[in-house]
$ cat query.cif   # mmCIF, C-alpha atoms (C1' of nucleotides)
data_input
#
loop_
_atom_site.label_atom_id
_atom_site.label_comp_id
_atom_site.auth_asym_id
_atom_site.auth_seq_id
_atom_site.Cartn_x
_atom_site.Cartn_y
_atom_site.Cartn_z
CA MET A 15 -59.99 4.80 61.50
CA LYS A 16 -57.46 6.78 63.52
CA ILE A 17 -57.93 6.69 67.31
CA ALA A 18 -55.79 8.88 69.57
CA THR A 19 -55.28 9.43 73.29
CA TYR A 20 -54.09 12.74 74.73
CA ASN A 21 -53.64 13.79 78.35
CA VAL A 22 -54.24 17.51 77.86
CA ASN A 23 -53.46 18.64 81.43
CA GLY A 24 -56.29 21.21 81.48
CA ILE A 25 -58.77 21.31 78.56
CA ASN A 26 -59.34 25.07 78.71
CA GLY A 27 -55.73 26.11 79.18
CA ARG A 28 -54.82 23.69 76.38
CA LEU A 29 -57.60 24.55 73.94
CA PRO A 30 -55.48 26.37 71.28
CA VAL A 31 -52.97 23.48 71.22
CA LEU A 32 -55.77 20.87 71.08
CA LEU A 33 -57.59 22.62 68.24
CA ARG A 34 -54.37 23.07 66.24
CA TRP A 35 -53.51 19.39 66.66
CA LEU A 36 -57.04 18.29 65.65
CA GLU A 37 -56.86 20.52 62.56
CA GLU A 38 -53.42 19.25 61.54
CA THR A 39 -53.89 15.51 62.16
CA GLN A 40 -57.66 14.93 61.84
CA PRO A 41 -58.05 11.87 64.10
CA ASP A 42 -61.45 10.14 63.90
CA VAL A 43 -61.71 9.49 67.63
CA VAL A 44 -59.84 11.21 70.48
CA CYS A 45 -59.76 10.17 74.13
CA LEU A 46 -58.82 13.03 76.45
CA GLN A 47 -57.69 12.88 80.06
CA GLU A 48 -57.06 15.43 82.80
CA LEU A 49 -59.71 17.88 81.65
CA LYS A 50 -59.35 19.67 85.00
CA ALA A 51 -62.72 21.27 84.38
CA PRO A 52 -66.19 20.82 85.90
CA GLN A 53 -68.91 19.38 83.63
CA GLU A 54 -70.28 22.82 82.67
CA LYS A 55 -66.88 24.31 81.78
CA PHE A 56 -66.09 21.88 78.95
CA PRO A 57 -65.53 23.91 75.73
CA GLU A 58 -68.16 22.01 73.75
CA GLN A 59 -68.84 24.77 71.21
CA ALA A 60 -65.19 25.10 70.20
CA ILE A 61 -64.91 21.30 69.86
CA ASN A 62 -68.10 21.17 67.77
CA ASP A 63 -66.85 24.04 65.59
CA ALA A 64 -63.71 21.99 64.93
CA GLY A 65 -65.94 19.23 63.54
CA TYR A 66 -66.11 16.91 66.55
CA LEU A 67 -68.92 15.54 68.67
CA ALA A 68 -68.01 15.15 72.34
CA ILE A 69 -69.07 13.28 75.44
CA TRP A 70 -67.29 14.04 78.68
CA HIS A 71 -67.27 13.46 82.41
CA GLY A 72 -65.79 16.49 84.07
CA GLN A 73 -64.63 17.19 87.60
CA LYS A 74 -63.66 20.40 89.33
CA SER A 75 -59.89 20.95 89.50
CA TRP A 76 -58.75 17.38 88.78
CA ASN A 77 -59.23 14.36 86.56
CA GLY A 78 -61.95 14.46 83.90
CA VAL A 79 -62.17 12.39 80.68
CA ALA A 80 -63.78 12.90 77.27
CA ILE A 81 -64.26 11.15 73.94
CA LEU A 82 -64.39 13.17 70.70
CA SER A 83 -65.66 11.81 67.39
CA LYS A 84 -65.23 13.44 64.01
CA GLY A 85 -68.68 13.08 62.54
CA HIS A 86 -69.23 9.42 63.37
CA GLU A 87 -72.19 8.72 65.63
CA MET A 88 -71.11 8.00 69.19
CA LYS A 89 -73.15 5.90 71.63
CA GLU A 90 -72.13 6.33 75.27
CA VAL A 91 -72.06 3.07 77.23
CA ARG A 92 -70.91 4.21 80.69
CA ARG A 93 -69.06 7.03 82.43
CA GLU A 94 -67.57 5.21 85.39
CA LEU A 95 -66.06 1.85 86.19
CA PRO A 96 -68.41 -0.69 87.80
CA ARG A 97 -68.14 -1.94 91.37
CA ASP A 98 -67.52 1.21 93.44
CA PRO A 99 -70.38 3.74 93.52
CA ASP A 100 -68.45 5.76 96.12
CA ASP A 101 -65.52 6.47 93.78
CA ALA A 102 -65.94 10.20 93.03
CA HIS A 103 -63.01 10.52 90.57
CA SER A 104 -63.91 11.08 86.89
CA ARG A 105 -61.47 8.64 85.34
CA TYR A 106 -63.39 6.49 82.87
CA ILE A 107 -65.82 6.96 79.99
CA GLU A 108 -66.83 4.46 77.33
CA ALA A 109 -68.61 4.69 73.98
CA ILE A 110 -69.18 2.76 70.75
CA VAL A 111 -68.05 4.42 67.51
CA LYS A 112 -68.31 2.64 64.13
CA GLY A 113 -68.75 -0.72 65.85
CA VAL A 114 -65.69 -0.32 68.10
CA LEU A 115 -66.11 -0.10 71.86
CA ILE A 116 -63.74 2.60 73.09
CA GLY A 117 -62.77 2.83 76.76
CA CYS A 118 -61.04 6.10 77.74
CA LEU A 119 -59.20 5.91 81.06
CA TYR A 120 -57.08 8.00 83.38
CA LEU A 121 -55.54 5.54 85.80
CA PRO A 122 -54.51 7.07 89.15
CA ASN A 123 -50.92 8.25 89.52
CA GLY A 124 -50.52 6.57 92.92
CA ASN A 125 -47.69 8.61 94.41
CA PRO A 126 -46.44 8.79 97.05
CA ALA A 127 -45.96 5.05 97.37
CA PRO A 128 -46.53 3.24 99.58
CA GLY A 129 -49.59 4.98 101.04
CA PRO A 130 -53.31 5.54 100.54
CA LYS A 131 -52.88 7.00 97.05
CA PHE A 132 -50.96 3.93 95.94
CA ASP A 133 -53.63 1.71 97.52
CA TYR A 134 -56.25 3.62 95.52
CA LYS A 135 -54.26 3.14 92.33
CA LEU A 136 -54.03 -0.62 92.82
CA ALA A 137 -57.70 -0.89 93.80
CA TRP A 138 -58.72 1.10 90.71
CA PHE A 139 -56.45 -1.10 88.60
CA GLU A 140 -58.17 -4.25 89.98
CA ARG A 141 -61.60 -2.85 89.11
CA PHE A 142 -60.32 -1.93 85.65
CA LYS A 143 -58.96 -5.45 85.09
CA LEU A 144 -62.32 -6.96 86.07
CA HIS A 145 -64.09 -4.66 83.62
CA ALA A 146 -61.53 -5.38 80.90
CA ALA A 147 -62.08 -9.12 81.38
CA SER A 148 -65.84 -8.68 81.05
CA LEU A 149 -65.29 -6.75 77.79
CA LEU A 150 -63.07 -9.55 76.44
CA ALA A 151 -65.81 -12.04 77.27
CA GLU A 152 -68.10 -10.19 74.86
CA LYS A 153 -65.72 -11.07 72.00
CA ILE A 154 -66.21 -7.72 70.27
CA PRO A 155 -63.77 -5.11 68.90
CA VAL A 156 -62.52 -3.10 71.91
CA VAL A 157 -59.78 -0.54 72.41
CA LEU A 158 -58.79 0.59 75.92
CA VAL A 159 -56.82 3.79 75.60
CA GLY A 160 -55.55 6.48 77.88
CA ASP A 161 -53.03 7.57 80.48
CA TYR A 162 -52.32 4.34 82.37
CA ASN A 163 -49.65 5.90 84.61
CA VAL A 164 -47.69 2.68 84.08
CA ILE A 165 -44.12 2.37 82.79
CA PRO A 166 -44.42 -1.21 81.46
CA THR A 167 -40.72 -2.08 81.09
CA GLU A 168 -37.23 -0.64 81.61
CA ARG A 169 -37.15 0.35 77.94
CA ASP A 170 -40.06 2.73 78.59
CA ALA A 171 -38.17 5.14 80.87
CA TYR A 172 -35.14 7.33 80.21
CA LYS A 173 -33.51 6.32 83.50
CA PRO A 174 -35.48 3.33 84.76
CA GLU A 175 -33.31 2.95 87.87
CA ARG A 176 -34.70 6.27 89.11
CA TRP A 177 -38.27 4.98 88.99
CA VAL A 178 -38.07 1.66 90.83
CA LYS A 179 -39.75 3.03 93.96
CA ASP A 180 -42.19 5.24 92.07
CA ALA A 181 -45.87 4.33 91.76
CA LEU A 182 -45.54 4.26 87.95
CA PHE A 183 -42.89 1.55 87.95
CA ARG A 184 -43.18 -0.35 91.24
CA PRO A 185 -43.37 -4.16 90.92
CA GLU A 186 -47.06 -4.16 91.94
CA THR A 187 -47.88 -1.68 89.15
CA ARG A 188 -45.95 -3.53 86.49
CA ALA A 189 -47.46 -6.84 87.63
CA ALA A 190 -50.97 -5.44 87.35
CA PHE A 191 -50.25 -4.23 83.80
CA GLU A 192 -48.74 -7.61 82.86
CA GLU A 193 -51.82 -9.36 84.22
CA LEU A 194 -54.03 -7.06 82.19
CA ILE A 195 -52.05 -7.76 79.00
CA GLY A 196 -52.15 -11.46 79.92
CA GLN A 197 -55.93 -11.43 79.61
CA GLY A 198 -55.40 -11.20 75.86
CA TRP A 199 -54.85 -7.52 75.08
CA THR A 200 -52.30 -6.21 72.55
CA ASP A 201 -50.14 -3.16 73.34
CA ALA A 202 -50.46 -1.44 69.94
CA ILE A 203 -47.30 0.67 70.12
CA ARG A 204 -45.20 -2.38 70.99
CA LYS A 205 -46.89 -4.44 68.23
CA ILE A 206 -45.78 -1.88 65.63
CA TYR A 207 -42.45 -0.98 67.29
CA PRO A 208 -41.30 -4.03 69.31
CA ASP A 209 -37.84 -2.74 70.26
CA GLU A 210 -37.73 1.04 69.82
CA VAL A 211 -37.44 3.59 72.60
CA ILE A 212 -40.77 5.44 72.50
CA TYR A 213 -41.98 8.04 75.01
CA THR A 214 -45.34 9.75 75.40
CA PHE A 215 -44.52 12.06 78.36
CA TRP A 216 -41.72 14.50 79.13
CA ASP A 217 -41.44 16.54 82.35
CA TYR A 218 -41.83 20.31 82.08
CA PHE A 219 -38.55 21.05 83.83
CA ARG A 220 -34.85 20.46 83.26
CA ASP A 221 -35.50 20.51 79.52
CA ALA A 222 -36.72 16.91 79.66
CA TYR A 223 -38.19 17.17 76.16
CA GLY A 224 -35.01 18.66 74.71
CA ARG A 225 -33.00 15.81 76.25
CA ASN A 226 -35.65 13.23 75.29
CA ALA A 227 -35.81 12.23 78.97
CA GLY A 228 -39.29 10.76 78.81
CA LEU A 229 -41.62 7.97 79.80
CA ARG A 230 -44.03 5.74 77.87
CA ILE A 231 -47.17 5.79 80.01
CA ASP A 232 -50.01 6.41 77.52
CA HIS A 233 -51.17 3.14 75.99
CA LEU A 234 -53.65 1.76 73.47
CA LEU A 235 -54.72 -1.85 74.08
CA LEU A 236 -56.57 -3.90 71.47
CA SER A 237 -58.92 -6.84 71.94
CA PRO A 238 -58.30 -9.96 69.78
CA GLN A 239 -61.33 -9.07 67.65
CA ILE A 240 -59.66 -5.87 66.39
CA GLU A 241 -55.95 -6.62 66.65
CA SER A 242 -55.66 -7.77 63.00
CA ARG A 243 -56.98 -4.37 61.86
CA LEU A 244 -53.96 -2.51 63.34
CA VAL A 245 -52.02 -0.96 60.45
CA ASN A 246 -50.00 1.78 62.17
CA ALA A 247 -49.33 3.49 65.50
CA GLY A 248 -47.28 6.42 66.70
CA VAL A 249 -46.72 9.41 68.95
CA ASP A 250 -47.24 12.99 67.72
CA LYS A 251 -44.09 14.01 69.55
CA PHE A 252 -43.87 17.35 67.73
CA VAL A 253 -46.92 18.60 69.66
CA ARG A 254 -44.90 18.41 72.89
CA GLY A 255 -42.58 21.07 71.42
CA TRP A 256 -45.35 23.60 70.84
CA GLU A 257 -45.85 26.66 73.04
CA LYS A 258 -48.12 26.00 76.03
CA SER A 259 -48.04 22.24 75.40
CA SER A 260 -49.21 19.51 77.76
CA ASP A 261 -46.44 17.40 79.31
CA HIS A 262 -47.92 14.43 77.38
CA ALA A 263 -47.96 14.01 73.59
CA PRO A 264 -50.90 12.59 71.59
CA THR A 265 -50.50 8.87 70.93
CA TRP A 266 -52.50 7.08 68.21
CA ILE A 267 -53.37 3.98 66.24
CA GLU A 268 -54.62 3.56 62.69
CA LEU A 269 -57.12 0.72 62.09
CA SER A 270 -58.22 -0.65 58.72
CA ASP A 271 -61.95 -0.71 57.97
CA ALA A 272 -64.00 -3.63 59.23
CA GLU A 273 -64.54 -6.39 56.64
"C1'" DA B 8 -33.33 11.62 94.39
"C1'" DT B 9 -35.72 15.79 93.34
"C1'" DG B 10 -41.95 19.20 91.91
"C1'" DC B 11 -36.72 22.97 89.60
"C1'" DC B 12 -42.80 23.61 85.91
"C1'" DG B 13 -47.54 24.03 85.00
"C1'" DT B 14 -52.63 24.03 85.97
"C1'" DG B 15 -56.75 25.16 88.52
"C1'" DG B 16 -59.00 27.16 92.45
"C1'" DA B 17 -58.97 29.75 96.18
"C1'" DA B 18 -57.14 33.51 97.88
"C1'" DA B 19 -52.33 36.47 96.90
"C1'" DC B 20 -50.69 30.26 98.51
"C1'" DC B 21 -51.92 25.47 98.01
"C1'" DA B 22 -52.99 20.68 96.02
"C1'" DC B 23 -51.76 17.89 92.56
"C1'" DG B 24 -49.28 15.82 88.83
"C1'" DA B 25 -45.28 11.73 87.36
#
$ encode --input "query.cif" --output "structure tokens"
Amino acid sequence: MKIATYNVNGINGRLPVLLRWLEETQPDVVCLQELKAPQEKFPEQAINDAGYLAIWHGQKSWNGVAILSKGHEMKEVRRELPRDPDDAHSRYIEAIVKGVLIGCLYLPNGNPAPGPKFDYKLAWFERFKLHAASLLAEKIPVVLVGDYNVIPTERDAYKPERWVKDALFRPETRAAFEELIGQGWTDAIRKIYPDEVIYTFWDYFRDAYGRNAGLRIDHLLLSPQIESRLVNAGVDKFVRGWEKSSDHAPTWIELSDAE
DNA sequence: ATGCCGTGGAAACCACGA
């Protein structure tokens, strides 16, 4: 089973690129972030015509997350994180597909930092860690995938020294990610490629993609009950070079079938 | 160190992203 995450930066503006990538790579499950579309403007028919079922939690202008499934039945579990009913951002949706619980997240950017946006990022991160811990306690196969807006280590940025005061790389952000991993999660890309420079995002300007001046901020975390099924992982970097591309590239894992 | 680009929505500019 191939599971991918893709920050599309506008589902409707990105639809031709998304459909082409689905057609060419045929992932089984896709987690999308930054739909930038209200609930009723999600292009469900085009997604269905491409062979995918979809559940989504839209929001006007910003945020928005979705899970697509190629044929496999999908059972939605929740469409927001617990513990803050006043949080109006659409940043989390969760479903079970083929016995795997899939959490699709769009963690807040947090800039400028310090400030209220950074406070919101850290508060959201704390809620996410609590939820992640409760999922681990269930001892079931879980993958938590999406745009974490976290540069985990210096290796994950083209010029890490330029990011030390940024919300994606500040000590508080990296510490929160390390604490999350410390619960028992496996960073799938780093499991397959322990030492390589791998990016999932390249800025639109200054030819960042052409210079490979990127960041690794989209992550796929595996619970212990599914970690042994990881057979491959990668980034579909070529998609970033297409016309009208998102600034992120699709990032994916391949899991063997359950025994 | 930076929003130089790109998207969406409102309004012919602005907020936001990383």
$ interface_residues --input "query.cif" --of "chain B" --to "chain A" --cutoff "9 Å" --atoms "all atoms listed in the file" --output "list in words"
DA8, DG10, DC11, DC12, DG13, DT14, DG15, DG16, DC23, DG24 and DA25 of chain B
$ residues_around --input "query.cif" --residues "Val249 (chain A)" --least-positions-apart "4" --cutoff "12 Å" --atoms "all atoms listed in the file" --output "ChimeraX atom specification"
/A:17-20,39,202-203,206-207,211-215,230-234,253-254,262-268
$ resolve_selection --input "query.cif" --expression "the PyMOL selection byres ((chain A and resi 183-191) around 12)" --output "JSON, numbers by chain"
{"A": [121, 122, 123, 124, 125, 126, 127, 128, 132, 133, 134, 135, 136, 137, 138, 139, 140, 141, 142, 143, 144, 146, 162, 163, 164, 165, 166, 167, 168, 169, 170, 171, 173, 174, 175, 176, 177, 178, 179, 180, 181, 182, 192, 193, 194, 195, 196, 197, 198, 199, 200, 201, 229, 230, 231, 233, 235], "B": [25]}
$ closest_residue --input "query.cif" --among "A:Cys45, A:Ser242, A:Lys251, A:Asp209" --to "Tyr223 (chain A)" --atoms "only C-alpha atoms"
A:Lys251
$ closest_residue --input "query.cif" --among "A:Leu82, A:Ala272, A:Leu32, A:Ile61" --to "Ile107 (chain A)" --atoms "all atoms listed in the file"
A:Leu82
$ atom_distance --input "query.cif" --atom1 "CA of Gly65 (chain A)" --atom2 "CA of Glu273 (chain A)"
26.6 Å
$ atom_distance --input "query.cif" --atom1 "CA of Val79 (chain A)" --atom2 "C1' of DA17 (chain B)"
23.5 Å
$ atom_distance --input "query.cif" --atom1 "CA of Glu257 (chain A)" --atom2 "CA of Asp221 (chain A)"
13.7 Å
$ axis_aligned_box --input "query.cif" --around "region 31-34 of chain A" --padding-each-side "8 Å" --output "AutoDock Vina command-line options"
--center_x -55.3 --center_y 22.2 --center_z 68.7 --size_x 20.6 --size_y 18.6 --size_z 21.0
$ closest_residue --input "query.cif" --among "A:Ile25, A:Val159, A:Ile116, A:Leu36" --to "Gln53 (chain A)" --atoms "only C-alpha atoms"
A:Ile25
